[in-house]
Every structure is written in C-alpha cells, then in structure tokens.
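Shown here: upload.csv, CSV, C-alpha atoms.
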```csv
chain,number,residue,atom,x,y,z
M,1,MET,CA,11.7,-60.1,-44.1
M,2,SER,CA,12.7,-60.2,-40.5
M,3,ASP,CA,16.1,-58.7,-41.4
M,4,ILE,CA,14.4,-55.6,-43.0
M,5,LEU,CA,12.2,-55.1,-39.9
M,6,VAL,CA,15.1,-55.5,-37.5
M,7,SER,CA,17.1,-52.9,-39.5
M,8,ILE,CA,14.3,-50.4,-39.6
M,9,LEU,CA,13.6,-50.8,-35.9
M,10,MET,CA,17.3,-50.4,-35.1
M,11,LEU,CA,17.6,-47.2,-37.3
M,12,ILE,CA,14.4,-45.7,-35.7
M,13,GLY,CA,15.8,-46.4,-32.2
M,14,SER,CA,19.2,-44.9,-32.9
M,15,LEU,CA,17.6,-41.9,-34.6
M,16,PHE,CA,15.5,-41.3,-31.5
M,17,SER,CA,18.6,-41.6,-29.4
M,18,VAL,CA,20.4,-38.9,-31.4
M,19,VAL,CA,17.4,-36.6,-31.3
M,20,ALA,CA,17.3,-37.0,-27.5
M,21,ALA,CA,21.0,-35.9,-27.3
M,22,LEU,CA,20.4,-33.1,-29.8
M,23,GLY,CA,17.5,-31.8,-27.6
M,24,LEU,CA,19.8,-32.0,-24.6
M,25,VAL,CA,22.3,-29.8,-26.4
M,26,ARG,CA,19.9,-27.3,-28.1
M,27,PHE,CA,17.1,-26.7,-25.6
M,28,PRO,CA,17.3,-23.6,-23.4
M,29,ASP,CA,16.8,-24.7,-19.8
M,30,VAL,CA,17.0,-27.8,-17.6
M,31,TYR,CA,13.3,-28.6,-17.7
M,32,THR,CA,13.0,-28.7,-21.5
M,33,ARG,CA,16.3,-30.6,-21.7
M,34,MET,CA,14.9,-33.2,-19.3
M,35,HIS,CA,11.8,-33.5,-21.4
M,36,ALA,CA,14.0,-34.3,-24.5
M,37,ALA,CA,16.4,-36.6,-22.8
M,38,THR,CA,14.1,-38.8,-20.8
M,39,LYS,CA,11.2,-39.2,-23.3
M,40,ALA,CA,13.0,-39.5,-26.6
M,41,GLY,CA,15.8,-41.6,-24.9
M,42,THR,CA,13.3,-44.1,-23.5
M,43,VAL,CA,11.5,-44.5,-26.8
M,44,GLY,CA,14.8,-45.0,-28.5
M,45,VAL,CA,15.7,-47.8,-26.1
M,46,LEU,CA,12.3,-49.4,-26.5
M,47,PHE,CA,12.7,-49.5,-30.3
M,48,LEU,CA,16.2,-51.1,-29.9
M,49,MET,CA,14.9,-53.7,-27.5
M,50,MET,CA,12.1,-54.5,-30.0
M,51,ALA,CA,14.9,-55.0,-32.6
M,52,VAL,CA,16.8,-57.3,-30.3
M,53,ALA,CA,13.8,-59.4,-29.5
M,54,LEU,CA,12.9,-59.8,-33.1
M,55,TYR,CA,16.4,-60.5,-34.3
M,56,PHE,CA,17.1,-63.4,-31.9
M,57,ASP,CA,13.5,-64.8,-31.9
M,58,ASP,CA,14.2,-66.7,-28.6
M,59,GLY,CA,12.1,-66.8,-25.5
M,60,ALA,CA,14.9,-66.0,-23.0
M,61,VAL,CA,16.2,-63.0,-25.0
M,62,THR,CA,12.7,-61.6,-25.5
M,63,ALA,CA,12.0,-61.9,-21.8
M,64,ARG,CA,15.2,-59.9,-21.1
M,65,ALA,CA,14.3,-57.3,-23.7
M,66,LEU,CA,10.8,-56.9,-22.1
M,67,LEU,CA,12.4,-56.7,-18.7
M,68,VAL,CA,14.7,-53.8,-19.8
M,69,SER,CA,11.8,-52.1,-21.5
M,70,ALA,CA,9.6,-52.3,-18.4
M,71,PHE,CA,12.4,-51.1,-16.2
M,72,PHE,CA,12.9,-48.1,-18.4
M,73,LEU,CA,9.2,-47.3,-18.5
M,74,LEU,CA,9.2,-47.4,-14.7
M,75,THR,CA,12.4,-45.6,-13.8
M,76,SER,CA,12.8,-42.9,-16.4
M,77,PRO,CA,9.8,-40.8,-15.2
M,78,VAL,CA,11.0,-41.3,-11.6
M,79,SER,CA,14.5,-40.0,-12.2
M,80,ALA,CA,13.1,-37.1,-14.4
M,81,HIS,CA,10.8,-36.1,-11.6
M,82,MET,CA,13.5,-36.2,-9.0
M,83,ILE,CA,15.9,-34.0,-11.1
M,84,GLY,CA,13.1,-31.6,-12.0
M,85,ASP,CA,12.1,-31.3,-8.3
M,86,VAL,CA,15.7,-30.6,-7.2
M,87,ALA,CA,16.1,-28.1,-10.0
M,88,HIS,CA,13.0,-26.3,-8.9
M,89,LYS,CA,14.1,-26.4,-5.2
M,90,LEU,CA,17.5,-24.9,-6.2
M,91,GLY,CA,15.6,-22.0,-7.7
M,92,ILE,CA,16.6,-22.5,-11.4
M,93,LYS,CA,14.3,-20.4,-13.5
M,94,ALA,CA,12.3,-21.8,-16.4
M,95,TRP,CA,13.0,-20.4,-19.8
M,96,ALA,CA,10.6,-17.6,-20.9
M,97,GLN,CA,9.9,-16.3,-24.4
M,98,ASP,CA,11.4,-12.8,-23.9
M,99,ASP,CA,14.7,-14.1,-22.4
M,100,ASP,CA,17.7,-13.7,-24.7
M,101,GLU,CA,19.0,-17.3,-24.4
C,1,MET,CA,23.7,-62.4,-40.2
C,2,SER,CA,22.8,-60.6,-43.4
C,3,LEU,CA,24.7,-57.7,-44.9
C,4,LEU,CA,21.7,-55.4,-44.4
C,5,VAL,CA,21.5,-56.0,-40.6
C,6,ASP,CA,25.3,-55.7,-40.4
C,7,THR,CA,25.3,-52.3,-42.1
C,8,CYS,CA,22.4,-51.0,-40.2
C,9,ALA,CA,23.9,-52.2,-36.9
C,10,ASN,CA,27.2,-50.4,-37.6
C,11,LEU,CA,25.3,-47.2,-38.6
C,12,SER,CA,23.2,-47.4,-35.4
C,13,LEU,CA,26.4,-47.8,-33.3
C,14,GLY,CA,27.8,-44.7,-35.0
C,15,LEU,CA,24.6,-42.7,-34.4
C,16,ILE,CA,24.4,-43.7,-30.7
C,17,THR,CA,28.1,-42.8,-30.2
C,18,LEU,CA,27.3,-39.4,-31.7
C,19,GLY,CA,24.5,-39.1,-29.2
C,20,ILE,CA,26.8,-39.9,-26.3
C,21,VAL,CA,29.4,-37.3,-27.6
C,22,LEU,CA,26.6,-34.7,-27.7
C,23,SER,CA,25.5,-35.6,-24.2
C,24,THR,CA,29.1,-35.3,-23.0
C,25,TYR,CA,29.2,-31.8,-24.3
C,26,ARG,CA,26.2,-30.9,-22.0
C,27,LEU,CA,27.8,-32.9,-19.1
C,28,ILE,CA,30.9,-30.7,-19.3
C,29,ARG,CA,29.3,-27.4,-20.2
C,30,GLY,CA,25.9,-27.6,-18.4
C,31,PRO,CA,25.4,-24.3,-16.5
C,32,ASP,CA,23.9,-25.9,-13.4
C,33,MET,CA,24.3,-29.3,-11.7
C,34,PRO,CA,20.8,-30.6,-12.6
C,35,ASP,CA,21.8,-30.2,-16.3
C,36,ARG,CA,24.8,-32.4,-15.6
C,37,ALA,CA,22.5,-34.9,-13.8
C,38,VAL,CA,20.2,-35.1,-16.9
C,39,ALA,CA,23.2,-35.5,-19.2
C,40,LEU,CA,24.6,-38.3,-17.1
C,41,ASP,CA,21.1,-40.0,-17.1
C,42,LEU,CA,20.9,-39.8,-20.9
C,43,ILE,CA,24.5,-41.2,-21.3
C,44,GLY,CA,23.3,-44.2,-19.2
C,45,ILE,CA,20.2,-44.7,-21.3
C,46,LEU,CA,22.3,-44.4,-24.5
C,47,CYS,CA,24.8,-46.9,-23.2
C,48,VAL,CA,22.0,-49.4,-22.8
C,49,GLY,CA,20.9,-48.7,-26.4
C,50,PHE,CA,24.5,-49.2,-27.5
C,51,MET,CA,24.6,-52.6,-25.7
C,52,ALA,CA,21.4,-53.6,-27.4
C,53,VAL,CA,22.8,-52.8,-30.9
C,54,TYR,CA,26.1,-54.5,-30.0
C,55,THR,CA,24.2,-57.6,-29.1
C,56,ILE,CA,22.8,-57.7,-32.7
C,57,ALA,CA,26.2,-56.7,-34.2
C,58,LYS,CA,28.1,-59.5,-32.4
C,59,ASN,CA,25.2,-62.0,-32.7
C,60,ASP,CA,25.7,-62.9,-29.1
C,61,ALA,CA,22.8,-62.5,-26.6
C,62,ALA,CA,25.2,-62.6,-23.6
C,63,TYR,CA,25.7,-58.8,-23.9
C,64,LEU,CA,22.1,-58.0,-23.0
C,65,PRO,CA,22.4,-58.7,-19.2
C,66,ALA,CA,25.3,-56.2,-19.2
C,67,GLY,CA,22.9,-53.6,-20.6
C,68,MET,CA,20.5,-54.5,-17.8
C,69,ALA,CA,23.2,-53.8,-15.2
C,70,VAL,CA,24.1,-50.5,-16.9
C,71,ALA,CA,20.4,-49.5,-16.8
C,72,LEU,CA,20.2,-50.2,-13.1
C,73,MET,CA,23.4,-48.3,-12.3
C,74,ALA,CA,22.3,-45.3,-14.4
C,75,PHE,CA,19.0,-45.1,-12.4
C,76,LEU,CA,20.7,-45.5,-9.0
C,77,GLY,CA,23.3,-42.9,-10.0
C,78,THR,CA,20.7,-40.4,-11.0
C,79,VAL,CA,18.7,-40.9,-7.8
C,80,ALA,CA,21.9,-40.5,-5.8
C,81,PHE,CA,22.9,-37.4,-7.7
C,82,ALA,CA,19.4,-35.9,-7.1
C,83,GLN,CA,19.6,-36.7,-3.4
C,84,TYR,CA,23.0,-35.2,-3.1
C,85,LEU,CA,21.8,-32.0,-4.7
C,86,ARG,CA,18.7,-31.9,-2.6
C,87,HIS,CA,20.7,-32.1,0.7
C,88,GLY,CA,22.9,-29.1,-0.1
C,89,GLY,CA,25.5,-30.6,-2.3
C,90,ASP,CA,27.9,-28.3,-4.2
C,91,ARG,CA,26.1,-26.6,-7.0
```
Mind turning the file's structure into structure tokens?
Amino acid sequence: MSDILVSILMLIGSLFSVVAALGLVRFPDVYTRMHAATKAGTVGVLFLMMAVALYFDDGAVTARALLVSAFFLLTSPVSAHMIGDVAHKLGIKAWAQDDDE
Amino acid sequence: MSLLVDTCANLSLGLITLGIVLSTYRLIRGPDMPDRAVALDLIGILCVGFMAVYTIAKNDAAYLPAGMAVALMAFLGTVAFAQYLRHGGDR
C-alpha cells in the first residue's frame, strides 16, 4: 500500500518538474517563464519530499524532508521576486497579445 | 524495495533529467540574462528533486543532506546572480 502511494507521489512530483521545464522553454517572456519555473518546480519538489518521507518512514528522514520543503517554500518566492525585479529594472518588456513572438 | 517503486524511481529520474535538459536549452539560448538566471534556478530545484528520487532509488537516506546543500547553493547563486545584474553586470 505504501509502495503504491510512494510511486504515485514520485511520478506526480517528476511530472510537475517536467512541466516546469517545459514552461521555461515554451513561455514567451521572462516573467511568465519565472512563473512556470518557480511555482511548478517548488510543487514538484514538495511531492518528491513527501514520497521520501513516506518511503523511509523514519523520524530523522521526515524531519530533513520537512526542512527542505520549508526551505523551498521560503526561498523560491524570494528568488523569483529578485529576478523579476531585476528584469523590470533592466527594462525587459512583458509579452503582449499582439506581439509576434 | 519492491519492483513498482524501483520502476517508478527510474522513470522519475528519467523525467527529471529531461527537465534539466530542457532548462539547459533555456540557459544557453535565453535572450536576456534574467532568463538564464531563472533557468539556473530551475536547474538547482530539479537537482534537489533528483537527489530526493535518488535517495529512494538507492534506498540510502544519506543522499538527502546533499540535496539540502544543493538547495542552499541554488538559492545563494540566484541571489548573487540577481545582485550582479542589478549593479550593472554584463547583460
């Protein structure tokens, strides 16, 4: 039972990771790319950490997995904000509907 | 370690590797420096995910602290990159 849950969590997490990378490649400007990369990437890592905690079923490992999850929830918005702020300061235009790419 | 978890772990490692390859495309191609900073950030995040799955695949919890270190380095690298660009680094 636990094996099935671990496998499902692992697959969901890695699918989120691939979707994040796909968004990074396919989206038209730096702001939308950032939105794909940081949000989907963080959710992917959270699912993978859940899988690790469930698989080992050990207090020390669960604590480490929680620590990594909390770290990502704290730092990922900060780094996204910093990059977005810098991109805005450098004068990079946001994508508009009538642009041709 | 059951066959199911083994298969899914290998599949997940493949998927995450595909994600890292796609991010590397953006890292090389990216029209502006912030694009490259975002790509580098995502590569760091995906490396942590890779470490997490590797922990399960090898059935050895000692790989998890390495993932924590990679997470810390990725965050510091992104902050340093952003500060470099903010203070007039080469676009």
Interface, chain M side, toward chain C (8 Å; all atoms listed in the file) as a CSV table (one decimal) with C-alpha atoms, in the frame of the given file:
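Everything below was put into out-v6.csv:
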```csv
chain,number,residue,atom,x,y,z
M,3,ASP,CA,16.1,-58.7,-41.4
M,4,ILE,CA,14.4,-55.6,-43.0
M,6,VAL,CA,15.1,-55.5,-37.5
M,7,SER,CA,17.1,-52.9,-39.5
M,10,MET,CA,17.3,-50.4,-35.1
M,11,LEU,CA,17.6,-47.2,-37.3
M,14,SER,CA,19.2,-44.9,-32.9
M,15,LEU,CA,17.6,-41.9,-34.6
M,17,SER,CA,18.6,-41.6,-29.4
M,18,VAL,CA,20.4,-38.9,-31.4
M,19,VAL,CA,17.4,-36.6,-31.3
M,20,ALA,CA,17.3,-37.0,-27.5
M,21,ALA,CA,21.0,-35.9,-27.3
M,22,LEU,CA,20.4,-33.1,-29.8
M,24,LEU,CA,19.8,-32.0,-24.6
M,25,VAL,CA,22.3,-29.8,-26.4
M,30,VAL,CA,17.0,-27.8,-17.6
M,33,ARG,CA,16.3,-30.6,-21.7
M,34,MET,CA,14.9,-33.2,-19.3
M,37,ALA,CA,16.4,-36.6,-22.8
M,38,THR,CA,14.1,-38.8,-20.8
M,41,GLY,CA,15.8,-41.6,-24.9
M,42,THR,CA,13.3,-44.1,-23.5
M,44,GLY,CA,14.8,-45.0,-28.5
M,45,VAL,CA,15.7,-47.8,-26.1
M,48,LEU,CA,16.2,-51.1,-29.9
M,49,MET,CA,14.9,-53.7,-27.5
M,52,VAL,CA,16.8,-57.3,-30.3
M,55,TYR,CA,16.4,-60.5,-34.3
M,56,PHE,CA,17.1,-63.4,-31.9
M,61,VAL,CA,16.2,-63.0,-25.0
M,64,ARG,CA,15.2,-59.9,-21.1
M,65,ALA,CA,14.3,-57.3,-23.7
M,68,VAL,CA,14.7,-53.8,-19.8
M,72,PHE,CA,12.9,-48.1,-18.4
M,75,THR,CA,12.4,-45.6,-13.8
M,76,SER,CA,12.8,-42.9,-16.4
M,79,SER,CA,14.5,-40.0,-12.2
M,80,ALA,CA,13.1,-37.1,-14.4
M,82,MET,CA,13.5,-36.2,-9.0
M,83,ILE,CA,15.9,-34.0,-11.1
M,84,GLY,CA,13.1,-31.6,-12.0
M,86,VAL,CA,15.7,-30.6,-7.2
M,87,ALA,CA,16.1,-28.1,-10.0
M,89,LYS,CA,14.1,-26.4,-5.2
M,90,LEU,CA,17.5,-24.9,-6.2
```
- prompt: If you measure from atom CA of M:Gly23 to atom CA of M:Ala53, what distance in Å do you get, rounded to one decimal?
  reply: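 Atom CA of M:Ala53 lies 27.9 Å from atom CA of M:Gly23.
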query: Mind pulling up the distance from atom CA of C:Leu40 to atom CA of C:Ile28?
result: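 Going from atom CA of C:Ile28 over to atom CA of C:Leu40, I get 10.1 Å.
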message: As an exercise, work out the distance from atom CA of M:Ile92 to atom CA of M:Leu73 in Å and give it to one decimal place.
response: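 Result for atom CA of M:Ile92 versus atom CA of M:Leu73: 26.8 Å, one decimal.
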Fix up stretch 61-72 of chain C with all heavy atoms, then write it as an mmCIF file, keeping the file's coordinate frame.
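Output saved as out_3.cif:
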```cif
data_model
loop_
_atom_site.group_PDB
_atom_site.id
_atom_site.type_symbol
_atom_site.label_atom_id
_atom_site.label_comp_id
_atom_site.auth_asym_id
_atom_site.auth_seq_id
_atom_site.Cartn_x
_atom_site.Cartn_y
_atom_site.Cartn_z
ATOM 1 N N ALA C 61 23.794 -63.064 -27.529
ATOM 2 C CA ALA C 61 22.800 -62.500 -26.600
ATOM 3 C C ALA C 61 23.398 -62.311 -25.194
ATOM 4 O O ALA C 61 22.724 -61.765 -24.327
ATOM 5 C CB ALA C 61 21.610 -63.458 -26.487
ATOM 6 N N ALA C 62 24.658 -62.700 -24.969
ATOM 7 C CA ALA C 62 25.200 -62.600 -23.600
ATOM 8 C C ALA C 62 25.513 -61.116 -23.264
ATOM 9 O O ALA C 62 25.749 -60.814 -22.101
ATOM 10 C CB ALA C 62 26.550 -63.362 -23.556
ATOM 11 N N TYR C 63 25.473 -60.188 -24.257
ATOM 12 C CA TYR C 63 25.700 -58.800 -23.900
ATOM 13 C C TYR C 63 24.511 -58.095 -23.346
ATOM 14 O O TYR C 63 24.638 -57.016 -22.779
ATOM 15 C CB TYR C 63 26.150 -58.037 -25.210
ATOM 16 C CG TYR C 63 27.529 -58.381 -25.677
ATOM 17 C CD1 TYR C 63 27.736 -59.191 -26.783
ATOM 18 C CD2 TYR C 63 28.639 -57.910 -24.996
ATOM 19 C CE1 TYR C 63 29.001 -59.525 -27.199
ATOM 20 C CE2 TYR C 63 29.916 -58.230 -25.406
ATOM 21 C CZ TYR C 63 30.092 -59.038 -26.514
ATOM 22 O OH TYR C 63 31.335 -59.362 -26.908
ATOM 23 N N LEU C 64 23.321 -58.712 -23.486
ATOM 24 C CA LEU C 64 22.100 -58.000 -23.000
ATOM 25 C C LEU C 64 22.046 -57.871 -21.498
ATOM 26 O O LEU C 64 21.679 -56.793 -21.025
ATOM 27 C CB LEU C 64 20.876 -58.825 -23.534
ATOM 28 C CG LEU C 64 19.595 -58.022 -23.673
ATOM 29 C CD1 LEU C 64 19.829 -56.790 -24.521
ATOM 30 C CD2 LEU C 64 18.503 -58.868 -24.286
ATOM 31 N N PRO C 65 22.422 -58.885 -20.688
ATOM 32 C CA PRO C 65 22.400 -58.700 -19.200
ATOM 33 C C PRO C 65 23.362 -57.551 -18.810
ATOM 34 O O PRO C 65 23.081 -56.856 -17.817
ATOM 35 C CB PRO C 65 22.928 -60.024 -18.703
ATOM 36 C CG PRO C 65 22.513 -60.993 -19.716
ATOM 37 C CD PRO C 65 22.661 -60.303 -21.027
ATOM 38 N N ALA C 66 24.459 -57.326 -19.552
ATOM 39 C CA ALA C 66 25.300 -56.200 -19.200
ATOM 40 C C ALA C 66 24.556 -54.883 -19.395
ATOM 41 O O ALA C 66 24.673 -53.970 -18.568
ATOM 42 C CB ALA C 66 26.546 -56.206 -20.151
ATOM 43 N N GLY C 67 23.709 -54.819 -20.441
ATOM 44 C CA GLY C 67 22.900 -53.600 -20.600
ATOM 45 C C GLY C 67 21.919 -53.439 -19.470
ATOM 46 O O GLY C 67 21.699 -52.312 -19.015
ATOM 47 N N MET C 68 21.352 -54.566 -18.959
ATOM 48 C CA MET C 68 20.500 -54.500 -17.800
ATOM 49 C C MET C 68 21.187 -53.875 -16.600
ATOM 50 O O MET C 68 20.667 -53.008 -15.884
ATOM 51 C CB MET C 68 19.905 -55.838 -17.455
ATOM 52 C CG MET C 68 18.913 -56.367 -18.464
ATOM 53 S SD MET C 68 18.659 -58.131 -18.299
ATOM 54 C CE MET C 68 17.770 -58.203 -16.770
ATOM 55 N N ALA C 69 22.425 -54.339 -16.375
ATOM 56 C CA ALA C 69 23.200 -53.800 -15.200
ATOM 57 C C ALA C 69 23.483 -52.347 -15.401
ATOM 58 O O ALA C 69 23.381 -51.576 -14.440
ATOM 59 C CB ALA C 69 24.510 -54.621 -15.123
ATOM 60 N N VAL C 70 23.822 -51.922 -16.635
ATOM 61 C CA VAL C 70 24.100 -50.500 -16.900
ATOM 62 C C VAL C 70 22.834 -49.669 -16.614
ATOM 63 O O VAL C 70 22.902 -48.581 -16.030
ATOM 64 C CB VAL C 70 24.597 -50.288 -18.317
ATOM 65 C CG1 VAL C 70 24.700 -48.810 -18.626
ATOM 66 C CG2 VAL C 70 25.939 -50.946 -18.497
ATOM 67 N N ALA C 71 21.663 -50.205 -17.015
ATOM 68 C CA ALA C 71 20.400 -49.500 -16.800
ATOM 69 C C ALA C 71 20.174 -49.272 -15.289
ATOM 70 O O ALA C 71 19.833 -48.168 -14.848
ATOM 71 C CB ALA C 71 19.239 -50.274 -17.390
ATOM 72 N N LEU C 72 20.405 -50.335 -14.517
ATOM 73 C CA LEU C 72 20.200 -50.200 -13.100
ATOM 74 C C LEU C 72 21.160 -49.220 -12.457
ATOM 75 O O LEU C 72 20.759 -48.367 -11.655
ATOM 76 C CB LEU C 72 20.462 -51.630 -12.450
ATOM 77 C CG LEU C 72 19.933 -51.863 -11.049
ATOM 78 C CD1 LEU C 72 18.431 -51.786 -11.069
ATOM 79 C CD2 LEU C 72 20.381 -53.206 -10.541
#
```
